[in-house]
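J.: data-v4.tsv is reproduced in full below (TSV, C-alpha atoms).
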chain	number	residue	atom	x	y	z
I	1	MET	CA	112.89	-33.86	184.79
I	2	PRO	CA	116.61	-33.82	183.80
I	3	PHE	CA	116.62	-37.62	184.25
I	4	LEU	CA	113.74	-38.00	181.79
I	5	LYS	CA	115.49	-35.78	179.24
I	6	LEU	CA	118.68	-37.80	179.64
I	7	LYS	CA	116.71	-41.03	179.24
I	8	HIS	CA	115.06	-39.79	176.02
I	9	LEU	CA	118.42	-38.67	174.67
I	10	PHE	CA	119.88	-42.11	175.38
I	11	PHE	CA	117.09	-43.89	173.49
I	12	PHE	CA	117.40	-41.43	170.60
I	13	ILE	CA	121.15	-42.10	170.27
I	14	LEU	CA	120.53	-45.84	170.56
I	15	ALA	CA	117.87	-45.77	167.82
I	16	LEU	CA	120.14	-43.69	165.59
I	17	PHE	CA	122.96	-46.20	166.06
I	18	PHE	CA	120.82	-49.19	165.12
I	19	ASN	CA	119.35	-47.39	162.10
I	20	ASN	CA	122.83	-46.53	160.81
I	21	THR	CA	123.92	-50.13	161.35
I	22	LEU	CA	120.96	-51.41	159.37
I	23	ILE	CA	121.66	-48.98	156.53
I	24	ALA	CA	125.31	-50.01	156.45
I	25	LYS	CA	124.35	-53.66	156.23
I	26	GLU	CA	122.28	-53.21	153.07
I	27	LEU	CA	124.06	-54.44	149.95
I	28	ILE	CA	121.92	-53.20	147.08
I	29	ILE	CA	122.37	-54.51	143.53
I	30	SER	CA	123.03	-51.56	141.22
I	31	GLU	CA	124.08	-53.34	138.02
I	32	ILE	CA	123.83	-56.83	136.48
I	33	LYS	CA	125.20	-58.35	133.29
I	34	ASN	CA	123.78	-61.67	132.03
I	35	LYS	CA	121.52	-64.04	133.93
I	36	ILE	CA	122.44	-64.94	137.51
I	37	GLU	CA	120.44	-67.48	139.53
I	38	THR	CA	119.87	-66.84	143.23
I	39	VAL	CA	118.74	-69.11	146.06
I	40	ASP	CA	118.08	-67.46	149.42
I	41	ILE	CA	118.44	-68.98	152.87
I	42	TYR	CA	114.81	-70.16	152.75
I	43	GLY	CA	115.29	-72.07	149.48
I	44	ASN	CA	113.47	-69.52	147.29
I	45	LYS	CA	114.86	-69.53	143.73
I	46	PHE	CA	114.81	-66.45	141.50
I	47	ILE	CA	116.84	-64.49	138.94
I	48	LEU	CA	118.91	-61.69	140.47
I	49	ASN	CA	117.45	-58.27	139.73
I	50	LYS	CA	118.58	-54.68	140.05
I	51	ASN	CA	117.75	-53.05	143.42
I	52	TYR	CA	117.63	-56.41	145.17
I	53	ILE	CA	119.03	-56.23	148.72
I	54	ILE	CA	121.49	-59.08	149.29
I	55	LYS	CA	120.83	-61.15	152.41
I	56	ASN	CA	122.90	-63.45	154.59
I	57	GLY	CA	122.93	-66.94	153.08
I	58	ASP	CA	122.16	-65.87	149.49
I	59	PHE	CA	123.69	-68.26	146.93
I	60	VAL	CA	124.36	-66.81	143.47
I	61	LYS	CA	125.34	-68.75	140.36
I	62	SER	CA	126.08	-67.72	136.78
I	63	LYS	CA	124.60	-69.71	133.90
I	64	ASN	CA	126.30	-70.42	130.57
I	65	GLN	CA	127.95	-67.00	130.22
I	66	ASN	CA	130.46	-64.86	132.03
I	67	SER	CA	128.39	-62.62	134.30
I	68	TYR	CA	128.76	-59.92	136.90
I	69	PHE	CA	126.79	-57.90	139.42
I	70	VAL	CA	127.64	-54.75	141.37
I	71	PHE	CA	126.69	-53.70	144.90
I	72	ASN	CA	128.03	-50.77	146.93
I	73	ASN	CA	130.79	-50.19	144.33
I	74	VAL	CA	131.98	-53.79	144.61
I	75	LYS	CA	131.93	-55.76	141.34
I	76	ILE	CA	131.58	-59.56	141.56
I	77	CYS	CA	132.48	-61.28	138.28
I	78	LEU	CA	131.65	-64.95	137.75
I	79	ALA	CA	132.82	-67.16	134.89
I	80	LYS	CA	130.11	-69.36	133.40
I	81	ASN	CA	128.71	-71.95	135.83
I	82	SER	CA	130.50	-70.38	138.80
I	83	ALA	CA	129.01	-69.69	142.22
I	84	VAL	CA	129.51	-67.82	145.48
I	85	LYS	CA	127.55	-67.60	148.71
I	86	PHE	CA	127.14	-64.60	151.00
I	87	LYS	CA	128.27	-66.33	154.14
I	88	GLU	CA	128.13	-63.35	156.46
I	89	ILE	CA	127.11	-59.71	156.13
I	90	LYS	CA	128.00	-57.26	158.88
I	91	SER	CA	127.92	-53.47	159.04
I	92	LYS	CA	131.35	-53.04	157.40
I	93	ASN	CA	132.32	-56.59	156.55
I	94	VAL	CA	131.20	-59.13	153.93
I	95	ILE	CA	132.40	-62.74	153.80
I	96	LEU	CA	131.95	-64.50	150.46
I	97	GLU	CA	132.28	-68.27	150.21
I	98	HIS	CA	133.71	-69.28	146.84
I	99	ILE	CA	131.73	-72.40	145.94
I	100	LYS	CA	132.99	-73.25	142.44
I	101	GLY	CA	134.40	-71.93	139.18
I	102	ASN	CA	136.21	-68.66	138.52
I	103	LEU	CA	135.72	-65.49	140.51
I	104	LEU	CA	137.07	-61.96	140.33
I	105	VAL	CA	136.23	-59.39	142.99
I	106	ASN	CA	136.86	-55.78	142.02
I	107	LYS	CA	136.42	-53.17	144.74
I	108	ILE	CA	135.87	-50.19	142.47
I	109	LYS	CA	135.83	-47.27	144.91
I	110	ASN	CA	134.71	-48.75	148.19
I	111	LYS	CA	137.34	-48.59	150.92
I	112	SER	CA	134.99	-48.71	153.91
I	113	LEU	CA	133.46	-52.14	153.14
I	114	LYS	CA	135.80	-55.00	154.02
I	115	VAL	CA	135.49	-58.02	151.71
I	116	GLU	CA	136.82	-61.44	152.64
I	117	ILE	CA	136.70	-64.69	150.67
I	118	SER	CA	136.67	-68.16	152.16
I	119	ILE	CA	137.54	-71.13	149.98
I	120	TYR	CA	137.43	-74.80	150.98
I	121	LYS	CA	136.86	-73.54	154.55
I	122	LYS	CA	140.63	-73.17	154.85
I	123	PHE	CA	141.57	-69.62	153.95
I	124	ILE	CA	140.34	-66.06	154.21
I	125	PHE	CA	141.48	-63.40	151.74
I	126	ASN	CA	141.15	-59.79	152.84
I	127	VAL	CA	140.48	-58.01	149.55
I	128	LYS	CA	141.97	-54.53	149.51
I	129	ASP	CA	141.38	-53.88	145.82
I	130	LYS	CA	141.11	-56.80	143.35
I	131	VAL	CA	141.56	-60.55	143.50
I	132	TYR	CA	141.07	-63.37	140.98
I	133	ILE	CA	140.53	-67.03	141.97
I	134	ASN	CA	140.25	-70.02	139.65
I	135	GLN	CA	139.19	-73.35	141.17
I	136	PHE	CA	140.62	-75.62	138.51
I	137	ASN	CA	140.40	-78.93	140.39
I	138	LYS	CA	139.10	-80.40	143.63
I	139	ASN	CA	140.86	-78.64	146.54
I	140	LYS	CA	143.18	-76.86	144.11
I	141	PHE	CA	143.03	-73.25	142.99
I	142	ILE	CA	144.97	-70.35	141.53
I	143	VAL	CA	144.76	-66.95	143.22
I	144	ARG	CA	146.10	-63.82	141.55
I	145	SER	CA	146.85	-60.74	143.63
I	146	PHE	CA	146.71	-57.38	141.85
I	147	PHE	CA	147.62	-54.75	144.45
I	148	GLY	CA	148.60	-56.89	147.39
I	149	LEU	CA	146.46	-59.21	149.46
I	150	ASN	CA	146.30	-60.40	153.04
I	151	TYR	CA	146.09	-64.16	153.45
I	152	LYS	CA	145.77	-66.42	156.48
I	153	PRO	CA	144.65	-69.96	157.26
I	154	LEU	CA	141.14	-69.85	158.69
I	155	TYR	CA	142.08	-70.88	162.23
I	156	SER	CA	145.50	-69.26	162.30
I	157	LYS	CA	146.43	-65.98	163.98
I	158	GLN	CA	149.29	-65.42	161.55
I	159	THR	CA	148.65	-63.27	158.48
I	160	PHE	CA	150.74	-63.31	155.32
I	161	ARG	CA	151.09	-60.57	152.73
I	162	LEU	CA	150.91	-61.73	149.10
I	163	LYS	CA	152.99	-59.85	146.54
I	164	ASN	CA	151.48	-57.35	144.12
I	165	ASN	CA	150.60	-58.65	140.64
I	166	THR	CA	151.59	-62.21	141.53
I	167	ALA	CA	149.91	-65.59	141.06
I	168	TYR	CA	149.81	-68.32	143.72
I	169	LYS	CA	148.74	-71.94	143.45
I	170	TYR	CA	147.14	-73.88	146.29
I	171	ASP	CA	147.72	-77.65	146.36
I	172	THR	CA	148.06	-78.70	150.04
I	173	LYS	CA	149.69	-75.29	150.60
I	174	LEU	CA	149.92	-71.90	148.92
I	175	LYS	CA	153.00	-71.31	146.73
I	176	GLU	CA	154.04	-68.53	144.40
I	177	THR	CA	153.73	-69.78	140.82
I	178	LYS	CA	153.69	-68.72	137.17
I	179	VAL	CA	150.50	-69.03	135.13
I	180	SER	CA	150.86	-68.41	131.41
I	181	ASN	CA	148.67	-65.65	129.94
I	182	ILE	CA	146.58	-65.33	133.13
I	183	LEU	CA	145.57	-61.77	132.20
I	184	LYS	CA	144.09	-63.15	128.95
I	185	ASP	CA	141.26	-64.81	130.88
I	186	PRO	CA	138.10	-63.13	129.51
I	187	LEU	CA	136.76	-62.84	133.06
I	188	ILE	CA	139.69	-60.63	134.04
I	189	ILE	CA	139.43	-58.57	130.85
I	190	ASN	CA	135.71	-58.01	131.38
I	191	CYS	CA	135.84	-57.39	135.10
I	192	LEU	CA	138.58	-54.76	134.97
I	193	THR	CA	137.02	-52.89	132.06
I	194	ASN	CA	133.51	-52.10	130.90
I	195	LYS	CA	133.85	-54.03	127.67
I	196	LYS	CA	131.14	-56.35	126.45
I	197	ILE	CA	131.19	-59.75	128.17
I	198	ILE	CA	133.24	-62.17	126.06
I	199	ASP	CA	132.30	-65.81	125.56
I	200	ALA	CA	135.10	-67.77	127.23
I	201	ASP	CA	134.76	-70.63	124.74
I	202	LYS	CA	135.90	-68.39	121.89
I	203	ASN	CA	138.96	-67.08	123.66
I	204	TYR	CA	141.68	-68.26	126.01
I	205	SER	CA	140.74	-71.31	128.09
I	206	PHE	CA	142.45	-72.48	131.27
I	207	SER	CA	144.11	-75.88	131.58
I	208	CYS	CA	146.77	-77.66	133.64
I	209	ILE	CA	149.22	-80.27	132.29
I	210	GLN	CA	151.26	-82.69	134.37
I	211	ASN	CA	154.96	-82.24	133.55
I	212	GLY	CA	156.79	-84.89	135.56
I	213	LYS	CA	156.02	-84.08	139.18
I	214	LYS	CA	155.04	-80.50	138.37
I	215	LEU	CA	151.60	-79.24	137.40
I	216	VAL	CA	151.95	-76.54	134.75
I	217	CYS	CA	148.93	-74.26	134.34
I	218	GLY	CA	148.09	-71.55	131.85
I	219	TYR	CA	145.64	-70.00	129.40
I	220	LYS	CA	145.78	-71.11	125.78
Please express the file's structure as structure tokens.

T.:
Amino acid sequence: MPFLKLKHLFFFILALFFNNTLIAKELIISEIKNKIETVDIYGNKFILNKNYIIKNGDFVKSKNQNSYFVFNNVKICLAKNSAVKFKEIKSKNVILEHIKGNLLVNKIKNKSLKVEISIYKKFIFNVKDKVYINQFNKNKFIVRSFFGLNYKPLYSKQTFRLKNNTAYKYDTKLKETKVSNILKDPLIINCLTNKKIIDADKNYSFSCIQNGKKLVCGYK
């Protein structure tokens, strides 16, 4: 009899564990601004809606406006015609693949959910708070750390700490850089506040100019 009770207790604990894991894995959309297209792992196309549960393999893309969506107190802001893919969803870990365009991830209050970003299959960014990435050219991007950021090459064991409130440019390797008026990007303004989404065409636009051997980037 004691063996049977112990056996039942074991299965109860096991069921409770798996149920909690499943609950933790659910990323539920709580807020959306502007139209966002979604393609799931089976190729089904639809417009992202509130209360949708994000799945592994979901591809999301903004249309002709800056857009954002929120899940589990994590705000994902996309500039127009930008896209990310949910590469992997675990109980306390989400890996986003930055496909194209401009992205800002803002972890509003969520400290338990770990968010990582892969880009060009080369790097993983462990987002502690906020991070902004602008893919401005093929295999080139700007990343802006707000409150520190962990960075490491995908297949490297070594982790680097990026400075607070600092911009870095990747072009064969990641280097600290200066980007003029980076905080004027409407995506950053919108994502860090609750202001109305601003049309990027009517405000500061990002561009890079070749100055000798140097590539100078900024918002004008």

J.: Which residues of stretch 96-130 of chain I come within 12 Å of stretch 154-177 of chain I, and for each one, what is the closest pair of atoms and their distance in Å to one decimal, counting all atoms listed in the file, sorted by chain and residue number, as JSON lines?

T.:
{"residue": "I:Glu116", "atom": "CA", "partner": "I:Leu154", "partner_atom": "CA", "distance": 11.2}
{"residue": "I:Ile117", "atom": "CA", "partner": "I:Leu154", "partner_atom": "CA", "distance": 10.5}
{"residue": "I:Ser118", "atom": "CA", "partner": "I:Leu154", "partner_atom": "CA", "distance": 8.1}
{"residue": "I:Ile119", "atom": "CA", "partner": "I:Leu154", "partner_atom": "CA", "distance": 9.5}
{"residue": "I:Tyr120", "atom": "CA", "partner": "I:Leu154", "partner_atom": "CA", "distance": 9.9}
{"residue": "I:Lys121", "atom": "CA", "partner": "I:Leu154", "partner_atom": "CA", "distance": 7.0}
{"residue": "I:Lys122", "atom": "CA", "partner": "I:Leu154", "partner_atom": "CA", "distance": 5.1}
{"residue": "I:Phe123", "atom": "CA", "partner": "I:Leu154", "partner_atom": "CA", "distance": 4.8}
{"residue": "I:Ile124", "atom": "CA", "partner": "I:Leu154", "partner_atom": "CA", "distance": 5.9}
{"residue": "I:Phe125", "atom": "CA", "partner": "I:Leu154", "partner_atom": "CA", "distance": 9.5}
{"residue": "I:Asn126", "atom": "CA", "partner": "I:Arg161", "partner_atom": "CA", "distance": 10.0}
{"residue": "I:Val127", "atom": "CA", "partner": "I:Leu162", "partner_atom": "CA", "distance": 11.1}
{"residue": "I:Lys128", "atom": "CA", "partner": "I:Asn164", "partner_atom": "CA", "distance": 11.3}
{"residue": "I:Asp129", "atom": "CA", "partner": "I:Asn164", "partner_atom": "CA", "distance": 10.8}
{"residue": "I:Lys130", "atom": "CA", "partner": "I:Asn165", "partner_atom": "CA", "distance": 10.0}

J.: Skip I:Val74 itself and residues of its chain fewer than 6 positions away, then list as JSON, numbers by chain all residues within 6 Å of it, counting all atoms listed in the file.

T.: {"I": [106, 107, 108]}

J.: Could you tell me how far atom CA of I:Phe59 lies from atom CA of I:Ser205, in Å and to one decimal?

T.: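 We find that atom CA of I:Phe59 and atom CA of I:Ser205 lie 25.6 Å from each other.
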
J.: Could you tell me how far atom CA of I:Ile189 sits from atom CA of I:Glu26, in Å to one decimal place?

T.: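 The value is 28.6 Å.
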
J.: Write out as a ChimeraX atom specification which residues come within 12 Å of I:Lys75 when counting all atoms listed in the file, dropping same-chain ones fewer than 5 positions away.

T.: /I:27-33,67-70,103-110,115,129-132,187-188,190-194

J.: For the atom pair atom CA of I:Val39 and atom CA of I:Ser82, what is the interatomic distance in Å to one decimal place?

T.: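 Distance reported for this atom pair: 13.9 Å.
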
J.: Using only the atoms of stretch 109-121 of chain I listed in the file, plus 5 Å on each side, state the axis-aligned box centre and edge lengths in Å rounded to one decimal, as JSON.

T.:
{"center_x": 135.5, "center_y": -61.0, "center_z": 149.7, "size_x": 14.1, "size_y": 37.5, "size_z": 19.6}

J.: Would you list the contacts of I:Asn181 as a VMD selection string, taking every protein, DNA or RNA residue within 8 Å and counting all atoms listed in the file, but skipping same-chain residues closer than 3 positions in sequence?

T.: chain I and resid 184 to 185 218 to 220

J.: Which residue is closest to I:Asn81? Choose from I:Lys55, I:Lys35, I:Lys214, I:Lys45 and count only C-alpha atoms.

T.: I:Lys35

J.: Compile the contact shell of I:Ile99 as a ChimeraX atom specification: residues with an atom at most 7 Å away, counting all atoms listed in the file, same-chain residues fewer than 3 positions apart removed.

T.: /I:83-85

J.: Save the residues we just selected, C-alpha atoms, as a CSV table (one decimal), keeping the file's coordinate frame?

T.:
chain,number,residue,atom,x,y,z
I,83,ALA,CA,129.0,-69.7,142.2
I,84,VAL,CA,129.5,-67.8,145.5
I,85,LYS,CA,127.6,-67.6,148.7
